[in-house]
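Asker: What follows is the file run_22.pdb, containing PDB, C-alpha atoms:
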```
ATOM      1  CA  MET A   1       0.000   0.000   0.000
ATOM      2  CA  LEU A   2       1.454   3.351  -1.094
ATOM      3  CA  HIS A   3       0.859   6.533   0.891
ATOM      4  CA  GLY A   4      -0.167   9.903  -0.498
ATOM      5  CA  TRP A   5       1.598  13.244  -1.002
ATOM      6  CA  GLY A   6       2.726  14.705   2.313
ATOM      7  CA  ALA A   7       1.956  11.542   4.305
ATOM      8  CA  ASN A   8       4.244   8.640   5.156
ATOM      9  CA  ALA A   9       4.155   4.869   5.489
ATOM     10  CA  GLN A  10       2.596   5.036   8.975
ATOM     11  CA  ASP A  11      -0.366   6.893   7.530
ATOM     12  CA  VAL A  12      -1.534   3.893   5.491
ATOM     13  CA  ALA A  13      -0.082   1.211   7.782
ATOM     14  CA  ALA A  14      -2.928   1.935  10.193
ATOM     15  CA  LEU A  15      -5.383   0.571   7.609
ATOM     16  CA  ALA A  16      -4.190  -2.985   8.218
ATOM     17  CA  ASN A  17      -5.760  -2.890  11.681
ATOM     18  CA  TYR A  18      -9.209  -2.476  10.125
ATOM     19  CA  LEU A  19      -8.962  -5.242   7.526
ATOM     20  CA  ASP A  20      -9.716  -8.830   8.492
ATOM     21  CA  LEU A  21      -7.305 -10.554   6.126
ATOM     22  CA  PRO A  22      -5.232 -12.963   8.245
ATOM     23  CA  ASP A  23      -3.676 -14.679   5.223
ATOM     24  CA  TYR A  24      -2.261 -11.415   3.878
ATOM     25  CA  GLN A  25       1.104  -9.886   4.649
ATOM     26  CA  PHE A  26       0.993  -6.077   4.596
ATOM     27  CA  LEU A  27       3.932  -3.955   3.445
ATOM     28  CA  PHE A  28       4.141  -0.156   3.402
ATOM     29  CA  PRO A  29       7.084   1.386   1.551
ATOM     30  CA  GLU A  30       7.934   5.031   2.098
ATOM     31  CA  ALA A  31       8.603   7.553  -0.642
ATOM     32  CA  SER A  32      12.182   8.774  -1.108
ATOM     33  CA  PHE A  33      11.526  12.504  -1.297
ATOM     34  CA  SER A  34      10.905  14.852   1.612
ATOM     35  CA  HIS A  35       7.722  16.881   1.471
ATOM     36  CA  PRO A  36       8.367  20.636   1.135
ATOM     37  CA  TYR A  37       5.757  21.640   3.754
ATOM     38  CA  SER A  38       5.915  18.822   6.303
ATOM     39  CA  SER A  39       8.928  17.669   8.312
ATOM     40  CA  GLU A  40       7.539  14.133   8.615
ATOM     41  CA  GLY A  41       5.809  13.987   5.248
ATOM     42  CA  LYS A  42       7.112  12.281   2.125
ATOM     43  CA  MET A  43       6.235  12.411  -1.543
ATOM     44  CA  TRP A  44       6.800  10.219  -4.576
ATOM     45  CA  TYR A  45       7.399  13.376  -6.662
ATOM     46  CA  GLY A  46       6.754  17.103  -6.604
ATOM     47  CA  LEU A  47       3.461  18.273  -8.064
ATOM     48  CA  PRO A  48       3.262  20.691 -11.013
ATOM     49  CA  ASN A  49       2.160  24.209 -10.103
ATOM     50  CA  ASP A  50      -1.165  23.863 -11.912
ATOM     51  CA  TYR A  51      -1.739  20.280 -10.654
ATOM     52  CA  SER A  52      -2.489  19.142 -14.204
ATOM     53  CA  PHE A  53      -1.453  15.716 -15.435
ATOM     54  CA  PHE A  54      -3.916  14.170 -17.823
ATOM     55  CA  SER A  55      -3.292  16.541 -20.723
ATOM     56  CA  ARG A  56       0.494  16.326 -20.358
ATOM     57  CA  PRO A  57       1.956  12.944 -21.419
ATOM     58  CA  GLU A  58       5.457  14.357 -20.907
ATOM     59  CA  PHE A  59       4.851  14.346 -17.144
ATOM     60  CA  ARG A  60       5.769  10.647 -17.182
ATOM     61  CA  GLN A  61       9.367  11.763 -17.671
ATOM     62  CA  GLN A  62       9.437  13.987 -14.559
ATOM     63  CA  PRO A  63      12.781  13.078 -12.858
ATOM     64  CA  GLU A  64      11.396  12.394  -9.367
ATOM     65  CA  LEU A  65       8.587  10.300 -10.820
ATOM     66  CA  GLN A  66      11.080   8.286 -12.864
ATOM     67  CA  LYS A  67      13.223   7.645  -9.773
ATOM     68  CA  SER A  68      10.244   6.583  -7.650
ATOM     69  CA  ARG A  69       8.932   4.385 -10.460
ATOM     70  CA  LEU A  70      12.280   2.601 -10.792
ATOM     71  CA  GLU A  71      12.686   2.134  -7.032
ATOM     72  CA  LEU A  72       9.166   0.770  -6.585
ATOM     73  CA  MET A  73       9.530  -1.562  -9.558
ATOM     74  CA  GLU A  74      12.746  -2.975  -8.136
ATOM     75  CA  TRP A  75      11.195  -3.298  -4.683
ATOM     76  CA  LEU A  76       8.123  -5.123  -5.976
ATOM     77  CA  ARG A  77      10.210  -7.500  -8.056
ATOM     78  CA  SER A  78      12.339  -8.302  -4.996
ATOM     79  CA  LEU A  79       9.372  -9.269  -2.836
ATOM     80  CA  GLU A  80       9.120 -12.886  -3.976
ATOM     81  CA  GLN A  81      12.672 -13.518  -2.801
ATOM     82  CA  THR A  82      12.133 -11.822   0.568
ATOM     83  CA  THR A  83       8.548 -12.920   1.310
ATOM     84  CA  GLY A  84       8.032 -16.031  -0.797
ATOM     85  CA  VAL A  85       4.951 -14.423  -2.366
ATOM     86  CA  PRO A  86       5.023 -14.075  -6.181
ATOM     87  CA  LEU A  87       3.751 -10.981  -7.992
ATOM     88  CA  SER A  88       0.795 -13.034  -9.225
ATOM     89  CA  GLN A  89      -0.404 -13.158  -5.586
ATOM     90  CA  THR A  90       0.463  -9.559  -4.743
ATOM     91  CA  VAL A  91      -2.103  -6.749  -4.530
ATOM     92  CA  LEU A  92      -0.784  -3.209  -4.973
ATOM     93  CA  GLY A  93      -2.826  -0.304  -3.671
ATOM     94  CA  GLY A  94      -2.420   3.363  -2.946
ATOM     95  CA  PHE A  95      -4.152   6.500  -1.736
ATOM     96  CA  SER A  96      -4.084   9.790  -3.691
ATOM     97  CA  GLN A  97      -0.536  10.183  -5.093
ATOM     98  CA  GLY A  98       0.030   6.581  -4.003
ATOM     99  CA  GLY A  99      -2.985   5.628  -6.114
ATOM    100  CA  ALA A 100      -1.416   7.374  -9.102
ATOM    101  CA  MET A 101       1.814   5.442  -8.510
ATOM    102  CA  THR A 102      -0.220   2.232  -8.263
ATOM    103  CA  LEU A 103      -1.618   2.835 -11.757
ATOM    104  CA  ASP A 104       1.743   3.946 -13.136
ATOM    105  CA  ILE A 105       3.524   0.786 -11.994
ATOM    106  CA  GLY A 106       0.763  -1.759 -11.540
ATOM    107  CA  LEU A 107      -0.334  -1.781 -15.163
ATOM    108  CA  GLN A 108       3.172  -2.901 -16.146
ATOM    109  CA  LEU A 109       3.509  -5.863 -13.773
ATOM    110  CA  PRO A 110       1.744  -9.269 -13.526
ATOM    111  CA  LEU A 111       0.051  -8.457 -10.208
ATOM    112  CA  ALA A 112      -3.031 -10.104  -8.719
ATOM    113  CA  ALA A 113      -4.953  -6.816  -8.441
ATOM    114  CA  LEU A 114      -4.760  -3.051  -7.999
ATOM    115  CA  MET A 115      -6.590  -0.742  -5.569
ATOM    116  CA  VAL A 116      -6.799   2.966  -6.387
ATOM    117  CA  LEU A 117      -8.215   5.102  -3.569
ATOM    118  CA  SER A 118      -8.814   8.773  -4.431
ATOM    119  CA  GLY A 119      -6.190   8.427  -7.161
ATOM    120  CA  TYR A 120      -5.562   9.662 -10.685
ATOM    121  CA  LEU A 121      -3.586   9.012 -13.863
ATOM    122  CA  HIS A 122      -0.283  10.769 -14.425
ATOM    123  CA  ALA A 123      -1.088  11.043 -18.137
ATOM    124  CA  PRO A 124      -3.371   9.384 -20.691
ATOM    125  CA  LEU A 125      -2.876   5.623 -20.810
ATOM    126  CA  GLU A 126      -0.773   4.527 -23.757
ATOM    127  CA  ILE A 127      -3.323   2.051 -25.053
ATOM    128  CA  GLU A 128      -1.123   0.738 -27.853
ATOM    129  CA  LYS A 129       1.497  -0.283 -25.255
ATOM    130  CA  LEU A 130      -0.931  -1.672 -22.692
ATOM    131  CA  GLY A 131      -3.226  -3.436 -25.118
ATOM    132  CA  ALA A 132      -1.093  -6.578 -25.248
ATOM    133  CA  LEU A 133      -0.742  -6.794 -21.459
ATOM    134  CA  SER A 134      -3.014  -8.691 -19.124
ATOM    135  CA  ILE A 135      -4.411  -5.992 -16.848
ATOM    136  CA  PRO A 136      -5.192  -7.170 -13.314
ATOM    137  CA  PRO A 137      -8.591  -6.506 -11.713
ATOM    138  CA  VAL A 138      -8.856  -2.954 -10.372
ATOM    139  CA  LEU A 139     -10.793  -1.468  -7.457
ATOM    140  CA  ILE A 140     -11.436   2.290  -7.710
ATOM    141  CA  VAL A 141     -13.034   4.195  -4.810
ATOM    142  CA  HIS A 142     -13.366   7.990  -4.857
ATOM    143  CA  GLY A 143     -15.247  10.653  -2.933
ATOM    144  CA  ARG A 144     -17.892  12.726  -4.693
ATOM    145  CA  GLN A 145     -16.902  15.692  -2.524
ATOM    146  CA  ASP A 146     -13.149  15.267  -3.016
ATOM    147  CA  GLN A 147     -11.671  18.767  -3.295
ATOM    148  CA  VAL A 148      -8.068  17.573  -3.642
ATOM    149  CA  VAL A 149      -8.358  15.066  -6.492
ATOM    150  CA  PRO A 150     -11.574  15.819  -8.412
ATOM    151  CA  LEU A 151     -14.065  13.027  -9.011
ATOM    152  CA  GLY A 152     -13.481  13.473 -12.739
ATOM    153  CA  ALA A 153      -9.995  12.014 -12.289
ATOM    154  CA  ALA A 154     -11.487   8.726 -11.064
ATOM    155  CA  GLN A 155     -13.977   8.730 -13.923
ATOM    156  CA  GLN A 156     -11.097   9.149 -16.385
ATOM    157  CA  VAL A 157      -9.284   6.193 -14.837
ATOM    158  CA  HIS A 158     -12.432   4.089 -14.988
ATOM    159  CA  GLU A 159     -13.215   4.945 -18.613
ATOM    160  CA  SER A 160      -9.612   4.374 -19.715
ATOM    161  CA  LEU A 161      -9.396   0.958 -18.065
ATOM    162  CA  VAL A 162     -12.776  -0.176 -19.375
ATOM    163  CA  LYS A 163     -11.620   0.681 -22.916
ATOM    164  CA  LEU A 164      -8.702  -1.686 -22.352
ATOM    165  CA  GLY A 165     -11.062  -4.458 -21.295
ATOM    166  CA  ALA A 166     -10.016  -4.399 -17.643
ATOM    167  CA  ARG A 167     -12.246  -5.790 -14.901
ATOM    168  CA  VAL A 168     -13.016  -2.750 -12.776
ATOM    169  CA  GLN A 169     -15.035  -2.333  -9.592
ATOM    170  CA  TYR A 170     -15.836   1.371  -9.464
ATOM    171  CA  TYR A 171     -17.449   3.173  -6.525
ATOM    172  CA  GLU A 172     -18.257   6.823  -5.871
ATOM    173  CA  GLN A 173     -18.865   7.557  -2.175
ATOM    174  CA  ASP A 174     -20.317  10.524  -0.278
ATOM    175  CA  MET A 175     -17.025  11.671   1.218
ATOM    176  CA  GLY A 176     -14.075  13.967   0.610
ATOM    177  CA  HIS A 177     -10.394  13.140   0.131
ATOM    178  CA  GLU A 178     -10.248  10.435   2.786
ATOM    179  CA  ILE A 179     -10.615   6.773   3.633
ATOM    180  CA  GLN A 180     -13.902   6.234   5.437
ATOM    181  CA  PRO A 181     -15.191   2.876   6.806
ATOM    182  CA  ILE A 182     -17.104   2.239   3.558
ATOM    183  CA  VAL A 183     -13.793   2.306   1.677
ATOM    184  CA  LEU A 184     -12.337  -0.290   4.036
ATOM    185  CA  SER A 185     -15.426  -2.424   3.457
ATOM    186  CA  ARG A 186     -14.928  -2.171  -0.314
ATOM    187  CA  MET A 187     -11.265  -3.123   0.097
ATOM    188  CA  GLN A 188     -12.128  -6.096   2.309
ATOM    189  CA  SER A 189     -14.670  -7.499  -0.146
ATOM    190  CA  PHE A 190     -12.417  -6.909  -3.143
ATOM    191  CA  MET A 191      -9.411  -8.626  -1.571
ATOM    192  CA  GLU A 192     -11.523 -11.570  -0.442
ATOM    193  CA  GLU A 193     -12.647 -11.992  -4.061
ATOM    194  CA  ILE A 194      -9.059 -11.777  -5.302
ATOM    195  CA  SER A 195      -7.958 -14.349  -2.713
ATOM    196  CA  ALA A 196     -10.635 -16.774  -3.878
ATOM    197  CA  GLN A 197      -9.522 -16.349  -7.490
ATOM    198  CA  THR A 198      -5.811 -16.853  -6.816
ATOM    199  CA  GLU A 199      -6.084 -19.891  -4.560
TER     200      GLU A 199
END
```
So, in terms of structure tokens, how does the structure I just supplied come out?
Answerer:
Amino acid sequence: MLHGWGANAQDVAALANYLDLPDYQFLFPEASFSHPYSSEGKMWYGLPNDYSFFSRPEFRQQPELQKSRLELMEWLRSLEQTTGVPLSQTVLGGFSQGGAMTLDIGLQLPLAALMVLSGYLHAPLEIEKLGALSIPPVLIVHGRQDQVVPLGAAQQVHESLVKLGARVQYYEQDMGHEIQPIVLSRMQSFMEEISAQTE
């Protein structure tokens, strides 16, 4: 599970206490970059001044994003050796900027599933590159009153993945930019389904 911009690993680690998944091992990596406005906060990359991504494919080449992408890819690929769990039985999830990183990386790896909570795409999906890949099932949960990452960002993710033939569970909730109990319930059900499919 990947934390959001300005948070840290402890921020999402607390979620494990509310999920009844005894057969799962939870891991919470921390971003490499210090947050400019929080002494304890971290970020996967700095945000553009206008907070725009979707219309700018070149954002994929942002140096901090490239570094975080490479580090997370290497970390995920090392997990089977350290945990004994293959990527095919690994679920990657993230909140906000962590959700964006989940999409950025998760669509390139043979993972069991992806969970995108209040997330967004860094840029339009390169359909011609992804078309030949087997996209894992995706859970998307977003708040209708989210004033940090607009609901339209989740709708763009949903529409883009559906065009690629992905299996998507998509939920809009009456909440802001947060993880309320209903989100945990969605995560629980989704991961139980994934577990049943990968056994």
Asker: Expand the PyMOL selection byres ((chain A and resi 44) around 10) into the explicit residue set it covers here, and present it as number ranges by chain.
Answerer: A: 2-6, 30-35, 42-43, 45-47, 64-69, 72, 97-98, 100-101
Asker: Could you save those same residues with C-alpha atoms as a PDB file, in the coordinates of the input?
Answerer:
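Okay, part.pdb is ready:
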```pdb
ATOM      1  CA  LEU A   2       1.454   3.351  -1.094  1.00  0.00           C
ATOM      2  CA  HIS A   3       0.859   6.533   0.891  1.00  0.00           C
ATOM      3  CA  GLY A   4      -0.167   9.903  -0.498  1.00  0.00           C
ATOM      4  CA  TRP A   5       1.598  13.244  -1.002  1.00  0.00           C
ATOM      5  CA  GLY A   6       2.726  14.705   2.313  1.00  0.00           C
ATOM      6  CA  GLU A  30       7.934   5.031   2.098  1.00  0.00           C
ATOM      7  CA  ALA A  31       8.603   7.553  -0.642  1.00  0.00           C
ATOM      8  CA  SER A  32      12.182   8.774  -1.108  1.00  0.00           C
ATOM      9  CA  PHE A  33      11.526  12.504  -1.297  1.00  0.00           C
ATOM     10  CA  SER A  34      10.905  14.852   1.612  1.00  0.00           C
ATOM     11  CA  HIS A  35       7.722  16.881   1.471  1.00  0.00           C
ATOM     12  CA  LYS A  42       7.112  12.281   2.125  1.00  0.00           C
ATOM     13  CA  MET A  43       6.235  12.411  -1.543  1.00  0.00           C
ATOM     14  CA  TYR A  45       7.399  13.376  -6.662  1.00  0.00           C
ATOM     15  CA  GLY A  46       6.754  17.103  -6.604  1.00  0.00           C
ATOM     16  CA  LEU A  47       3.461  18.273  -8.064  1.00  0.00           C
ATOM     17  CA  GLU A  64      11.396  12.394  -9.367  1.00  0.00           C
ATOM     18  CA  LEU A  65       8.587  10.300 -10.820  1.00  0.00           C
ATOM     19  CA  GLN A  66      11.080   8.286 -12.864  1.00  0.00           C
ATOM     20  CA  LYS A  67      13.223   7.645  -9.773  1.00  0.00           C
ATOM     21  CA  SER A  68      10.244   6.583  -7.650  1.00  0.00           C
ATOM     22  CA  ARG A  69       8.932   4.385 -10.460  1.00  0.00           C
ATOM     23  CA  LEU A  72       9.166   0.770  -6.585  1.00  0.00           C
ATOM     24  CA  GLN A  97      -0.536  10.183  -5.093  1.00  0.00           C
ATOM     25  CA  GLY A  98       0.030   6.581  -4.003  1.00  0.00           C
ATOM     26  CA  ALA A 100      -1.416   7.374  -9.102  1.00  0.00           C
ATOM     27  CA  MET A 101       1.814   5.442  -8.510  1.00  0.00           C
TER      28      MET A 101
END
```
Asker: Quick one: residues within 7 Å of A:Ser96, only C-alpha atoms counted, chain neighbours fewer than 5 positions away excluded, as a compact mmCIF listing (two decimals) with C-alpha atoms, in the frame of the given file?
Answerer:
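Saved the output as around_9.txt:
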```
# COMPACT_ATOMS: atom_id res chain seq x y z
CA GLY A 4 -0.17 9.90 -0.50
CA LEU A 117 -8.22 5.10 -3.57
CA SER A 118 -8.81 8.77 -4.43
CA GLY A 119 -6.19 8.43 -7.16
```
Asker: Tell me, in Å to one decimal, how far atom CA of A:Tyr171 is from atom CA of A:Glu126.
Answerer: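 Computing it gives 24.0 Å between the two atoms.
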Asker: Please write as a PyMOL selection string the full residue list that the PyMOL selection byres ((chain A and resi 23) around 12) yields on this file.
Answerer: chain A and resi 19-22+24-26+85+89-90+191-192+195-196+199
Asker: Select, from A:Ile194, A:Ile105, A:Leu121, A:Ile135, the residue with the minimum atom-to-atom distance to A:Val149, counting all atoms listed in the file.
Answerer: A:Leu121
Asker: Nearest to A:Phe190: which of A:Leu109, A:Val138, A:Ala13, A:Leu87 is it, counting all atoms listed in the file?
Answerer: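 Under the stated criterion, the closest residue is A:Val138.
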Asker: I'd like the interatomic distance between atom CA of A:Met115 and atom CA of A:Phe59, to a tenth of an Å.
Answerer: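 Between atom CA of A:Met115 and atom CA of A:Phe59 the gap is 22.2 Å.
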Asker: Which value, in Å to one decimal, gives the distance between atom CA of A:Leu161 and atom CA of A:Ala14?
Answerer: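 Atom-to-atom, atom CA of A:Leu161 to atom CA of A:Ala14, that is 29.0 Å.
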Asker: Identify, on the basis of all atoms listed in the file, every residue whose closest approach to stretch 172-174 of chain A does not exceed 9 Å; exclude the query and any residue fewer than 5 positions from it along the same chain; express the result as number ranges by chain.
Answerer: A: 140-145, 151, 154, 182-183
Asker: Looking at A:Met187, A:Ala153, A:Pro36, A:Arg167, which one is nearest to A:Ala16, with distances taken over all atoms listed in the file?
Answerer: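 Closest to A:Ala16 of all the choices is A:Met187.
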Asker: Could you write out as a ChimeraX atom specification the residues that the PyMOL selection byres ((chain A and resi 91) around 7) matches in the shown file?
Answerer: /A:89-90,92-93,111-114
Asker: Between A:Gln197, A:Pro150, A:Thr102, A:Leu184, which has the minimum distance to A:Leu15 (counting all atoms listed in the file)?
Answerer: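 For A:Leu15, the nearest of the given residues is A:Leu184.
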Asker: Give the answer as one residue: which of A:Gly106, A:Pro136, A:Pro57, A:Pro48 has the shortest atom-to-atom distance to A:Gln169, using all atoms listed in the file?
Answerer: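 When distances to A:Gln169 are compared using all atoms listed in the file, the smallest one comes from A:Pro136.
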Asker: Counting all atoms listed in the file, note down every residue that has an atom within 7 Å of the point (0.9, -7.7, -17.2) (file coordinates), as a PyMOL selection string.
Answerer: chain A and resi 107-110+133-135
Asker: Keeping only C-alpha atoms, take the residues you just selected and write them out as a CSV table (one decimal), in the coordinates of the input.
Answerer:
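The resulting file, part_7.csv, is reproduced below:
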```
chain,number,residue,atom,x,y,z
A,107,LEU,CA,-0.3,-1.8,-15.2
A,108,GLN,CA,3.2,-2.9,-16.1
A,109,LEU,CA,3.5,-5.9,-13.8
A,110,PRO,CA,1.7,-9.3,-13.5
A,133,LEU,CA,-0.7,-6.8,-21.5
A,134,SER,CA,-3.0,-8.7,-19.1
A,135,ILE,CA,-4.4,-6.0,-16.8
```
Asker: Pick from A:Asp104, A:Glu40, A:Glu193, A:Glu58: nearest to A:Val116, with only C-alpha atoms counted?
Answerer: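 Smallest separation from A:Val116 among the options: A:Asp104.
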Asker: Where atoms are absent from stretch 36-66 of chain A, fill them in so it carries N, CA and C atoms, then output it as an mmCIF file, keeping the file's coordinate frame.
Answerer:
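Saved result, part_22.cif, follows:
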```
data_model
loop_
_atom_site.group_PDB
_atom_site.id
_atom_site.type_symbol
_atom_site.label_atom_id
_atom_site.label_comp_id
_atom_site.auth_asym_id
_atom_site.auth_seq_id
_atom_site.Cartn_x
_atom_site.Cartn_y
_atom_site.Cartn_z
ATOM 1 N N PRO A 36 7.879 19.266 0.900
ATOM 2 C CA PRO A 36 8.367 20.636 1.135
ATOM 3 C C PRO A 36 7.697 21.362 2.295
ATOM 4 N N TYR A 37 6.487 20.911 2.717
ATOM 5 C CA TYR A 37 5.757 21.640 3.754
ATOM 6 C C TYR A 37 5.518 20.841 5.017
ATOM 7 N N SER A 38 6.136 19.668 5.128
ATOM 8 C CA SER A 38 5.915 18.822 6.303
ATOM 9 C C SER A 38 7.216 18.112 6.669
ATOM 10 N N SER A 39 7.655 18.272 7.899
ATOM 11 C CA SER A 39 8.928 17.669 8.312
ATOM 12 C C SER A 39 8.866 16.150 8.332
ATOM 13 N N GLU A 40 7.682 15.589 8.581
ATOM 14 C CA GLU A 40 7.539 14.133 8.615
ATOM 15 C C GLU A 40 6.945 13.573 7.330
ATOM 16 N N GLY A 41 6.463 14.441 6.460
ATOM 17 C CA GLY A 41 5.809 13.987 5.248
ATOM 18 C C GLY A 41 6.792 13.613 4.149
ATOM 19 N N LYS A 42 6.327 12.731 3.276
ATOM 20 C CA LYS A 42 7.112 12.281 2.125
ATOM 21 C C LYS A 42 6.285 12.444 0.861
ATOM 22 N N MET A 43 6.952 12.366 -0.260
ATOM 23 C CA MET A 43 6.235 12.411 -1.543
ATOM 24 C C MET A 43 6.979 11.544 -2.552
ATOM 25 N N TRP A 44 6.210 11.023 -3.505
ATOM 26 C CA TRP A 44 6.800 10.219 -4.576
ATOM 27 C C TRP A 44 7.399 11.129 -5.645
ATOM 28 N N TYR A 45 6.878 12.362 -5.739
ATOM 29 C CA TYR A 45 7.399 13.376 -6.662
ATOM 30 C C TYR A 45 6.731 14.701 -6.332
ATOM 31 N N GLY A 46 7.356 15.788 -6.771
ATOM 32 C CA GLY A 46 6.754 17.103 -6.604
ATOM 33 C C GLY A 46 5.634 17.309 -7.607
ATOM 34 N N LEU A 47 4.611 18.036 -7.193
ATOM 35 C CA LEU A 47 3.461 18.273 -8.064
ATOM 36 C C LEU A 47 3.680 19.509 -8.936
ATOM 37 N N PRO A 48 3.165 19.490 -10.168
ATOM 38 C CA PRO A 48 3.262 20.691 -11.013
ATOM 39 C C PRO A 48 2.441 21.827 -10.412
ATOM 40 N N ASN A 49 2.827 23.045 -10.695
ATOM 41 C CA ASN A 49 2.160 24.209 -10.103
ATOM 42 C C ASN A 49 0.669 24.253 -10.375
ATOM 43 N N ASP A 50 0.257 23.804 -11.566
ATOM 44 C CA ASP A 50 -1.165 23.863 -11.912
ATOM 45 C C ASP A 50 -1.888 22.540 -11.621
ATOM 46 N N TYR A 51 -1.169 21.568 -11.029
ATOM 47 C CA TYR A 51 -1.739 20.280 -10.654
ATOM 48 C C TYR A 51 -2.362 19.518 -11.830
ATOM 49 N N SER A 52 -1.917 19.824 -13.038
ATOM 50 C CA SER A 52 -2.489 19.142 -14.204
ATOM 51 C C SER A 52 -1.589 17.988 -14.625
ATOM 52 N N PHE A 53 -2.202 16.877 -14.978
ATOM 53 C CA PHE A 53 -1.453 15.716 -15.435
ATOM 54 C C PHE A 53 -2.013 15.179 -16.752
ATOM 55 N N PHE A 54 -3.325 14.998 -16.774
ATOM 56 C CA PHE A 54 -3.916 14.170 -17.823
ATOM 57 C C PHE A 54 -3.647 14.690 -19.225
ATOM 58 N N SER A 55 -3.513 15.986 -19.383
ATOM 59 C CA SER A 55 -3.292 16.541 -20.723
ATOM 60 C C SER A 55 -1.807 16.665 -21.047
ATOM 61 N N ARG A 56 -0.945 16.142 -20.166
ATOM 62 C CA ARG A 56 0.494 16.326 -20.358
ATOM 63 C C ARG A 56 1.221 14.984 -20.302
ATOM 64 N N PRO A 57 1.272 14.243 -21.410
ATOM 65 C CA PRO A 57 1.956 12.944 -21.419
ATOM 66 C C PRO A 57 3.423 13.039 -21.012
ATOM 67 N N GLU A 58 4.037 14.204 -21.242
ATOM 68 C CA GLU A 58 5.457 14.357 -20.907
ATOM 69 C C GLU A 58 5.713 14.288 -19.398
ATOM 70 N N PHE A 59 4.651 14.404 -18.586
ATOM 71 C CA PHE A 59 4.851 14.346 -17.144
ATOM 72 C C PHE A 59 5.423 13.004 -16.714
ATOM 73 N N ARG A 60 5.207 11.957 -17.520
ATOM 74 C CA ARG A 60 5.769 10.647 -17.182
ATOM 75 C C ARG A 60 7.289 10.679 -17.042
ATOM 76 N N GLN A 61 7.905 11.670 -17.695
ATOM 77 C CA GLN A 61 9.367 11.763 -17.671
ATOM 78 C C GLN A 61 9.885 12.660 -16.549
ATOM 79 N N GLN A 62 9.007 13.147 -15.679
ATOM 80 C CA GLN A 62 9.437 13.987 -14.559
ATOM 81 C C GLN A 62 10.490 13.214 -13.747
ATOM 82 N N PRO A 63 11.665 13.819 -13.469
ATOM 83 C CA PRO A 63 12.781 13.078 -12.858
ATOM 84 C C PRO A 63 12.445 12.373 -11.544
ATOM 85 N N GLU A 64 11.742 13.040 -10.638
ATOM 86 C CA GLU A 64 11.396 12.394 -9.367
ATOM 87 C C GLU A 64 10.449 11.220 -9.591
ATOM 88 N N LEU A 65 9.509 11.387 -10.498
ATOM 89 C CA LEU A 65 8.587 10.300 -10.820
ATOM 90 C C LEU A 65 9.354 9.114 -11.395
ATOM 91 N N GLN A 66 10.300 9.378 -12.283
ATOM 92 C CA GLN A 66 11.080 8.286 -12.864
ATOM 93 C C GLN A 66 11.872 7.542 -11.794
#
```
